[in-house]
Amino acid sequence: QQQVKQSPQSLIVQKGGISIINCAYENTAFDYFPWYQQFPGKGPALLIAIRPDVSEKKEGRFTISFNKSAKQFSLHIMDSQPGDSATYFCAARNGGGADGLTFGKGTHLIIQP
Amino acid sequence: EPEVTQTPSHQVTQMGQEVILRCVPISNHLYFYWYRQILGQKVEFLVSFYNNEISEKSEIFDDQFSVERPDGSNFTLKIRSTKLEDSAMYFCASRRQNSPLHFGNGTRLTVT
């Protein structure tokens, strides 16, 4: 129940295209859903995050869509650029006093020029 | 921009040895964390630390692991008797109250 399932495992998108990564969860106590970007040799860096009281959040080219009833959320990267090539992790945190993030398994995104 | 700093970047140790991984969190942060990432796999929560005590720990964080904030700036993870399966990237992270988590660049631990 603590799992966050992420798909696809890897994704290749042409430059200028839209990259879409999906996550699903079971635990309804999760109340915070961040996305992290990780480049080789670096730690994860927060990209964008959402709470379940909104259905969408946009920051620049990055958008999170959140479907509370389906217990799913997704990351959309518009106008994808080669510099976006990285591993992306969705995560969730239990609002019931728990502190640690539960991460998905990651998506290796390659943007082809 | 302030960063979470981890040392060393790579640590090689023999099975059964004790190892200490060091972190300097961002200076005005109050919540401290350790996560690990086995090569090619997801990031896993180990432990969180606040107000000089552990606030939450995962099943991975067994009696072989301990954390300490020995002074006002450092935050350490000790593994008492390393096993081969402890080989992973270990990430330290910190945050202020109600603010996002900032990760360091990790320490790659190799147990031989």
# chains A, B, ... in the order shown; residues from 1 in each chain; ligands from 1
call {"tool": "interface_residues", "arguments": {"of": "chain B", "to": "chain A", "cutoff": "7 Å", "atoms": "only C-alpha atoms", "output": "PDB file with N, CA and C atoms, in the first residue's frame"}}
result
ATOM      1  N   GLN B  41      18.147   1.668  -9.299  1.00  0.00           N
ATOM      2  CA  GLN B  41      16.839   1.450  -8.671  1.00  0.00           C
ATOM      3  C   GLN B  41      16.300   2.744  -8.064  1.00  0.00           C
ATOM      4  N   LYS B  42      15.172   2.630  -7.392  1.00  0.00           N
ATOM      5  CA  LYS B  42      14.526   3.840  -6.875  1.00  0.00           C
ATOM      6  C   LYS B  42      15.215   4.332  -5.614  1.00  0.00           C
ATOM      7  N   VAL B  43      14.941   5.558  -5.283  1.00  0.00           N
ATOM      8  CA  VAL B  43      15.438   6.166  -4.066  1.00  0.00           C
ATOM      9  C   VAL B  43      14.573   5.672  -2.900  1.00  0.00           C
ATOM     10  N   GLU B  44      15.236   5.250  -1.821  1.00  0.00           N
ATOM     11  CA  GLU B  44      14.508   4.674  -0.677  1.00  0.00           C
ATOM     12  C   GLU B  44      14.787   5.482   0.581  1.00  0.00           C
ATOM     13  N   PHE B  45      13.761   5.778   1.335  1.00  0.00           N
ATOM     14  CA  PHE B  45      13.871   6.504   2.593  1.00  0.00           C
ATOM     15  C   PHE B  45      14.513   5.616   3.647  1.00  0.00           C
ATOM     16  N   SER B  48      14.554   9.968   9.159  1.00  0.00           N
ATOM     17  CA  SER B  48      14.445  11.422   9.303  1.00  0.00           C
ATOM     18  C   SER B  48      14.801  11.798  10.731  1.00  0.00           C
ATOM     19  N   GLU B  56      11.383   9.453  12.221  1.00  0.00           N
ATOM     20  CA  GLU B  56      10.813   8.320  11.496  1.00  0.00           C
ATOM     21  C   GLU B  56      11.952   7.490  10.909  1.00  0.00           C
ATOM     22  N   PHE B  91      22.134   9.361  -0.021  1.00  0.00           N
ATOM     23  CA  PHE B  91      21.847  10.778  -0.157  1.00  0.00           C
ATOM     24  C   PHE B  91      21.401  11.360   1.182  1.00  0.00           C
ATOM     25  N   HIS B 102      15.859  19.315  -0.012  1.00  0.00           N
ATOM     26  CA  HIS B 102      17.053  19.544  -0.827  1.00  0.00           C
ATOM     27  C   HIS B 102      18.007  18.376  -0.612  1.00  0.00           C
ATOM     28  N   PHE B 103      18.406  17.752  -1.697  1.00  0.00           N
ATOM     29  CA  PHE B 103      19.310  16.607  -1.624  1.00  0.00           C
ATOM     30  C   PHE B 103      20.748  17.022  -1.903  1.00  0.00           C
ATOM     31  N   GLY B 104      21.681  16.325  -1.268  1.00  0.00           N
ATOM     32  CA  GLY B 104      23.078  16.423  -1.643  1.00  0.00           C
ATOM     33  C   GLY B 104      23.355  15.564  -2.863  1.00  0.00           C
ATOM     34  N   ASN B 105      24.618  15.569  -3.310  1.00  0.00           N
ATOM     35  CA  ASN B 105      24.987  14.798  -4.490  1.00  0.00           C
ATOM     36  C   ASN B 105      25.339  13.347  -4.191  1.00  0.00           C
ATOM     37  N   GLY B 106      25.302  12.988  -2.930  1.00  0.00           N
ATOM     38  CA  GLY B 106      25.428  11.581  -2.578  1.00  0.00           C
ATOM     39  C   GLY B 106      26.843  11.116  -2.288  1.00  0.00           C
TER      40      GLY B 106
END
call {"tool": "select_by_dssp", "arguments": {"residues": "chain A", "states": "strand (DSSP E)", "output": "MDAnalysis selection string"}}
result
chainID A and resid 4:7 10:14 19:25 30:38 45:50 56:59 62:67 72:77 86:94 101:103 107:112
call {"tool": "write_last_selection", "arguments": {"atoms": "C-alpha atoms", "output": "compact mmCIF listing (two decimals), in the first residue's frame"}}
result
# COMPACT_ATOMS: atom_id res chain seq x y z
CA VAL A 4 4.09 4.37 -5.87
CA LYS A 5 4.02 2.78 -9.32
CA GLN A 6 5.69 4.72 -12.11
CA SER A 7 5.62 4.20 -15.85
CA SER A 10 12.18 4.60 -20.15
CA LEU A 11 10.96 7.12 -22.70
CA ILE A 12 12.37 8.59 -25.88
CA VAL A 13 10.82 11.82 -27.18
CA GLN A 14 11.76 14.03 -30.09
CA SER A 19 6.97 13.92 -22.52
CA ILE A 20 4.43 12.23 -20.26
CA ILE A 21 5.26 10.17 -17.20
CA ASN A 22 2.60 8.54 -15.08
CA CYS A 23 2.35 7.47 -11.45
CA ALA A 24 -0.29 5.66 -9.43
CA TYR A 25 -0.66 5.11 -5.71
CA PHE A 30 -0.66 10.49 0.82
CA ASP A 31 -1.06 14.26 0.75
CA TYR A 32 1.98 15.59 -1.08
CA PHE A 33 3.19 14.53 -4.51
CA PRO A 34 6.52 15.89 -5.77
CA TRP A 35 8.43 15.15 -8.93
CA TYR A 36 12.21 14.98 -8.86
CA GLN A 37 14.73 15.26 -11.68
CA GLN A 38 18.05 13.50 -11.38
CA ALA A 45 16.28 17.90 -7.41
CA LEU A 46 12.70 19.00 -6.85
CA LEU A 47 11.01 19.92 -10.10
CA ILE A 48 7.41 20.57 -9.17
CA ALA A 49 4.96 19.35 -6.52
CA ILE A 50 1.22 19.21 -5.97
CA GLU A 56 -3.30 20.68 -12.05
CA LYS A 57 -0.21 22.73 -11.40
CA LYS A 58 1.95 24.35 -14.04
CA GLU A 59 5.43 25.80 -13.74
CA PHE A 62 6.30 21.41 -16.52
CA THR A 63 2.74 20.47 -15.54
CA ILE A 64 1.44 18.01 -12.96
CA SER A 65 -2.02 16.59 -13.55
CA PHE A 66 -3.64 15.01 -10.52
CA ASN A 67 -6.66 12.70 -10.48
CA GLN A 72 -3.03 8.87 -10.35
CA PHE A 73 -0.80 11.79 -11.18
CA SER A 74 1.36 12.58 -14.14
CA LEU A 75 4.15 14.88 -15.26
CA HIS A 76 3.94 16.58 -18.64
CA ILE A 77 6.99 18.26 -20.11
CA ALA A 86 17.44 12.83 -17.11
CA THR A 87 15.79 10.36 -14.77
CA TYR A 88 12.49 11.51 -13.31
CA PHE A 89 11.02 10.21 -10.08
CA CYS A 90 7.54 10.72 -8.76
CA ALA A 91 7.13 10.52 -5.00
CA ALA A 92 4.49 10.76 -2.31
CA ARG A 93 4.38 11.53 1.37
CA ASN A 94 1.96 10.26 3.96
CA LEU A 101 9.00 10.25 0.80
CA THR A 102 8.04 7.07 -1.06
CA PHE A 103 9.57 7.18 -4.53
CA THR A 107 11.73 7.03 -15.72
CA HIS A 108 14.82 7.43 -17.85
CA LEU A 109 13.91 10.17 -20.34
CA ILE A 110 15.90 10.80 -23.50
CA ILE A 111 15.11 13.78 -25.71
CA GLN A 112 16.45 13.28 -29.20
call {"tool": "atom_distance", "arguments": {"atom1": "atom CA of Phe32 of chain B", "atom2": "atom CA of Ser58 of chain B"}}
result
14.4 Å
call {"tool": "atom_distance", "arguments": {"atom1": "atom CA of Leu21 of chain B", "atom2": "atom CA of Thr76 of chain B"}}
result
5.6 Å
call {"tool": "closest_residue", "arguments": {"among": "B:Lys78, B:Met89, B:Thr110, B:Ser9", "to": "Gly40 of chain B", "atoms": "only C-alpha atoms"}}
result
B:Met89
call {"tool": "residues_around", "arguments": {"residues": "Gln14 of chain B", "least_positions_apart": "5", "cutoff": "9 Å", "atoms": "only C-alpha atoms", "output": "number ranges by chain"}}
result
B: 82-84, 110-112
call {"tool": "write_last_selection", "arguments": {"atoms": "N, CA and C atoms", "output": "PDB file, in the first residue's frame"}}
result
ATOM      1  N   THR B  82      29.312  -3.371   7.764  1.00  0.00           N
ATOM      2  CA  THR B  82      28.769  -3.301   6.413  1.00  0.00           C
ATOM      3  C   THR B  82      28.619  -4.674   5.772  1.00  0.00           C
ATOM      4  N   LYS B  83      27.581  -4.776   4.955  1.00  0.00           N
ATOM      5  CA  LYS B  83      27.319  -5.992   4.178  1.00  0.00           C
ATOM      6  C   LYS B  83      27.414  -5.634   2.698  1.00  0.00           C
ATOM      7  N   LEU B  84      27.577  -6.634   1.870  1.00  0.00           N
ATOM      8  CA  LEU B  84      27.671  -6.389   0.423  1.00  0.00           C
ATOM      9  C   LEU B  84      26.451  -5.626  -0.080  1.00  0.00           C
ATOM     10  N   THR B 110      30.798   1.518  -1.703  1.00  0.00           N
ATOM     11  CA  THR B 110      31.071   0.206  -2.299  1.00  0.00           C
ATOM     12  C   THR B 110      31.614  -0.704  -1.215  1.00  0.00           C
ATOM     13  N   VAL B 111      30.931  -1.797  -0.960  1.00  0.00           N
ATOM     14  CA  VAL B 111      31.365  -2.780   0.030  1.00  0.00           C
ATOM     15  C   VAL B 111      31.909  -3.989  -0.712  1.00  0.00           C
ATOM     16  N   THR B 112      33.160  -4.326  -0.417  1.00  0.00           N
ATOM     17  CA  THR B 112      33.811  -5.445  -1.137  1.00  0.00           C
ATOM     18  C   THR B 112      34.010  -6.649  -0.220  1.00  0.00           C
TER      19      THR B 112
END
call {"tool": "closest_residue", "arguments": {"among": "A:Gly16, A:Gly95, A:Pro8, A:Pro82", "to": "Arg51 of chain A", "atoms": "only C-alpha atoms"}}
result
A:Gly95
call {"tool": "residues_around", "arguments": {"residues": "Leu46 of chain B", "least_positions_apart": "3", "cutoff": "7 Å", "atoms": "only C-alpha atoms", "output": "PDB file with N, CA, C and O atoms, in the first residue's frame"}}
result
ATOM      1  N   TRP B  34      18.273  10.785   5.585  1.00  0.00           N
ATOM      2  CA  TRP B  34      19.122   9.942   4.752  1.00  0.00           C
ATOM      3  C   TRP B  34      18.231   9.057   3.884  1.00  0.00           C
ATOM      4  O   TRP B  34      17.232   8.489   4.356  1.00  0.00           O
ATOM      5  N   TYR B  35      18.623   8.991   2.611  1.00  0.00           N
ATOM      6  CA  TYR B  35      18.001   8.111   1.634  1.00  0.00           C
ATOM      7  C   TYR B  35      19.112   7.304   0.976  1.00  0.00           C
ATOM      8  O   TYR B  35      20.277   7.713   0.986  1.00  0.00           O
ATOM      9  N   ARG B  36      18.745   6.182   0.394  1.00  0.00           N
ATOM     10  CA  ARG B  36      19.737   5.440  -0.385  1.00  0.00           C
ATOM     11  C   ARG B  36      19.146   5.038  -1.730  1.00  0.00           C
ATOM     12  O   ARG B  36      17.923   4.962  -1.904  1.00  0.00           O
ATOM     13  N   LYS B  57      11.759   6.184  10.830  1.00  0.00           N
ATOM     14  CA  LYS B  57      12.740   5.339  10.151  1.00  0.00           C
ATOM     15  C   LYS B  57      12.031   4.231   9.390  1.00  0.00           C
ATOM     16  O   LYS B  57      10.918   3.829   9.741  1.00  0.00           O
ATOM     17  N   SER B  58      12.685   3.766   8.329  1.00  0.00           N
ATOM     18  CA  SER B  58      12.096   2.706   7.514  1.00  0.00           C
ATOM     19  C   SER B  58      12.590   1.344   8.008  1.00  0.00           C
ATOM     20  O   SER B  58      13.469   1.251   8.874  1.00  0.00           O
ATOM     21  N   ILE B  60      14.436  -0.573   6.424  1.00  0.00           N
ATOM     22  CA  ILE B  60      15.839  -0.737   6.032  1.00  0.00           C
ATOM     23  C   ILE B  60      16.751  -0.301   7.173  1.00  0.00           C
ATOM     24  O   ILE B  60      17.819  -0.863   7.387  1.00  0.00           O
ATOM     25  N   PHE B  61      16.332   0.686   7.910  1.00  0.00           N
ATOM     26  CA  PHE B  61      17.162   1.295   8.958  1.00  0.00           C
ATOM     27  C   PHE B  61      17.111   0.415  10.197  1.00  0.00           C
ATOM     28  O   PHE B  61      16.365   0.685  11.153  1.00  0.00           O
TER      29      PHE B  61
END
call {"tool": "residues_around", "arguments": {"residues": "Gly17 of chain A", "least_positions_apart": "6", "cutoff": "8 Å", "atoms": "only C-alpha atoms", "output": "ChimeraX atom specification"}}
result
/A:78-80
call {"tool": "decode", "arguments": {"residues": "segment 5-66 of chain A", "atoms": "C-alpha atoms", "output": "PDB file, in the first residue's frame"}}
result
ATOM      1  CA  LYS A   5       4.017   2.780  -9.320  1.00  0.00           C
ATOM      2  CA  GLN A   6       5.687   4.722 -12.105  1.00  0.00           C
ATOM      3  CA  SER A   7       5.621   4.202 -15.848  1.00  0.00           C
ATOM      4  CA  PRO A   8       7.167   4.021 -18.338  1.00  0.00           C
ATOM      5  CA  GLN A   9      10.581   2.830 -17.218  1.00  0.00           C
ATOM      6  CA  SER A  10      12.185   4.602 -20.153  1.00  0.00           C
ATOM      7  CA  LEU A  11      10.957   7.116 -22.695  1.00  0.00           C
ATOM      8  CA  ILE A  12      12.368   8.586 -25.882  1.00  0.00           C
ATOM      9  CA  VAL A  13      10.823  11.817 -27.182  1.00  0.00           C
ATOM     10  CA  GLN A  14      11.757  14.027 -30.087  1.00  0.00           C
ATOM     11  CA  LYS A  15      12.874  17.573 -29.366  1.00  0.00           C
ATOM     12  CA  GLY A  16       9.839  19.840 -29.150  1.00  0.00           C
ATOM     13  CA  GLY A  17       7.511  16.985 -28.258  1.00  0.00           C
ATOM     14  CA  ILE A  18       5.558  16.333 -25.072  1.00  0.00           C
ATOM     15  CA  SER A  19       6.973  13.922 -22.515  1.00  0.00           C
ATOM     16  CA  ILE A  20       4.428  12.234 -20.260  1.00  0.00           C
ATOM     17  CA  ILE A  21       5.265  10.174 -17.200  1.00  0.00           C
ATOM     18  CA  ASN A  22       2.599   8.536 -15.075  1.00  0.00           C
ATOM     19  CA  CYS A  23       2.351   7.468 -11.447  1.00  0.00           C
ATOM     20  CA  ALA A  24      -0.288   5.662  -9.426  1.00  0.00           C
ATOM     21  CA  TYR A  25      -0.664   5.108  -5.706  1.00  0.00           C
ATOM     22  CA  GLU A  26      -2.884   3.176  -3.307  1.00  0.00           C
ATOM     23  CA  ASN A  27      -2.451   4.936   0.010  1.00  0.00           C
ATOM     24  CA  THR A  28      -5.169   7.568   0.356  1.00  0.00           C
ATOM     25  CA  ALA A  29      -3.255   9.125   3.254  1.00  0.00           C
ATOM     26  CA  PHE A  30      -0.664  10.491   0.824  1.00  0.00           C
ATOM     27  CA  ASP A  31      -1.065  14.264   0.747  1.00  0.00           C
ATOM     28  CA  TYR A  32       1.980  15.589  -1.078  1.00  0.00           C
ATOM     29  CA  PHE A  33       3.187  14.525  -4.511  1.00  0.00           C
ATOM     30  CA  PRO A  34       6.522  15.892  -5.768  1.00  0.00           C
ATOM     31  CA  TRP A  35       8.432  15.147  -8.928  1.00  0.00           C
ATOM     32  CA  TYR A  36      12.208  14.985  -8.857  1.00  0.00           C
ATOM     33  CA  GLN A  37      14.726  15.265 -11.683  1.00  0.00           C
ATOM     34  CA  GLN A  38      18.053  13.495 -11.384  1.00  0.00           C
ATOM     35  CA  PHE A  39      21.103  13.882 -13.608  1.00  0.00           C
ATOM     36  CA  PRO A  40      23.912  11.289 -13.543  1.00  0.00           C
ATOM     37  CA  GLY A  41      26.153  11.723 -10.520  1.00  0.00           C
ATOM     38  CA  LYS A  42      23.791  14.178  -8.843  1.00  0.00           C
ATOM     39  CA  GLY A  43      21.140  13.987  -6.169  1.00  0.00           C
ATOM     40  CA  PRO A  44      17.457  14.311  -6.998  1.00  0.00           C
ATOM     41  CA  ALA A  45      16.282  17.901  -7.411  1.00  0.00           C
ATOM     42  CA  LEU A  46      12.704  19.002  -6.848  1.00  0.00           C
ATOM     43  CA  LEU A  47      11.015  19.920 -10.099  1.00  0.00           C
ATOM     44  CA  ILE A  48       7.409  20.569  -9.168  1.00  0.00           C
ATOM     45  CA  ALA A  49       4.961  19.352  -6.517  1.00  0.00           C
ATOM     46  CA  ILE A  50       1.220  19.205  -5.970  1.00  0.00           C
ATOM     47  CA  ARG A  51      -1.227  18.608  -3.152  1.00  0.00           C
ATOM     48  CA  PRO A  52      -4.485  16.703  -3.695  1.00  0.00           C
ATOM     49  CA  ASP A  53      -6.732  19.740  -3.351  1.00  0.00           C
ATOM     50  CA  VAL A  54      -5.863  20.870  -6.896  1.00  0.00           C
ATOM     51  CA  SER A  55      -6.101  18.959 -10.159  1.00  0.00           C
ATOM     52  CA  GLU A  56      -3.297  20.677 -12.046  1.00  0.00           C
ATOM     53  CA  LYS A  57      -0.210  22.731 -11.399  1.00  0.00           C
ATOM     54  CA  LYS A  58       1.945  24.348 -14.042  1.00  0.00           C
ATOM     55  CA  GLU A  59       5.426  25.802 -13.741  1.00  0.00           C
ATOM     56  CA  GLY A  60       6.935  26.859 -17.033  1.00  0.00           C
ATOM     57  CA  ARG A  61       7.097  23.843 -19.348  1.00  0.00           C
ATOM     58  CA  PHE A  62       6.300  21.407 -16.522  1.00  0.00           C
ATOM     59  CA  THR A  63       2.744  20.467 -15.536  1.00  0.00           C
ATOM     60  CA  ILE A  64       1.444  18.006 -12.961  1.00  0.00           C
ATOM     61  CA  SER A  65      -2.025  16.591 -13.554  1.00  0.00           C
ATOM     62  CA  PHE A  66      -3.637  15.006 -10.517  1.00  0.00           C
TER      63      PHE A  66
END
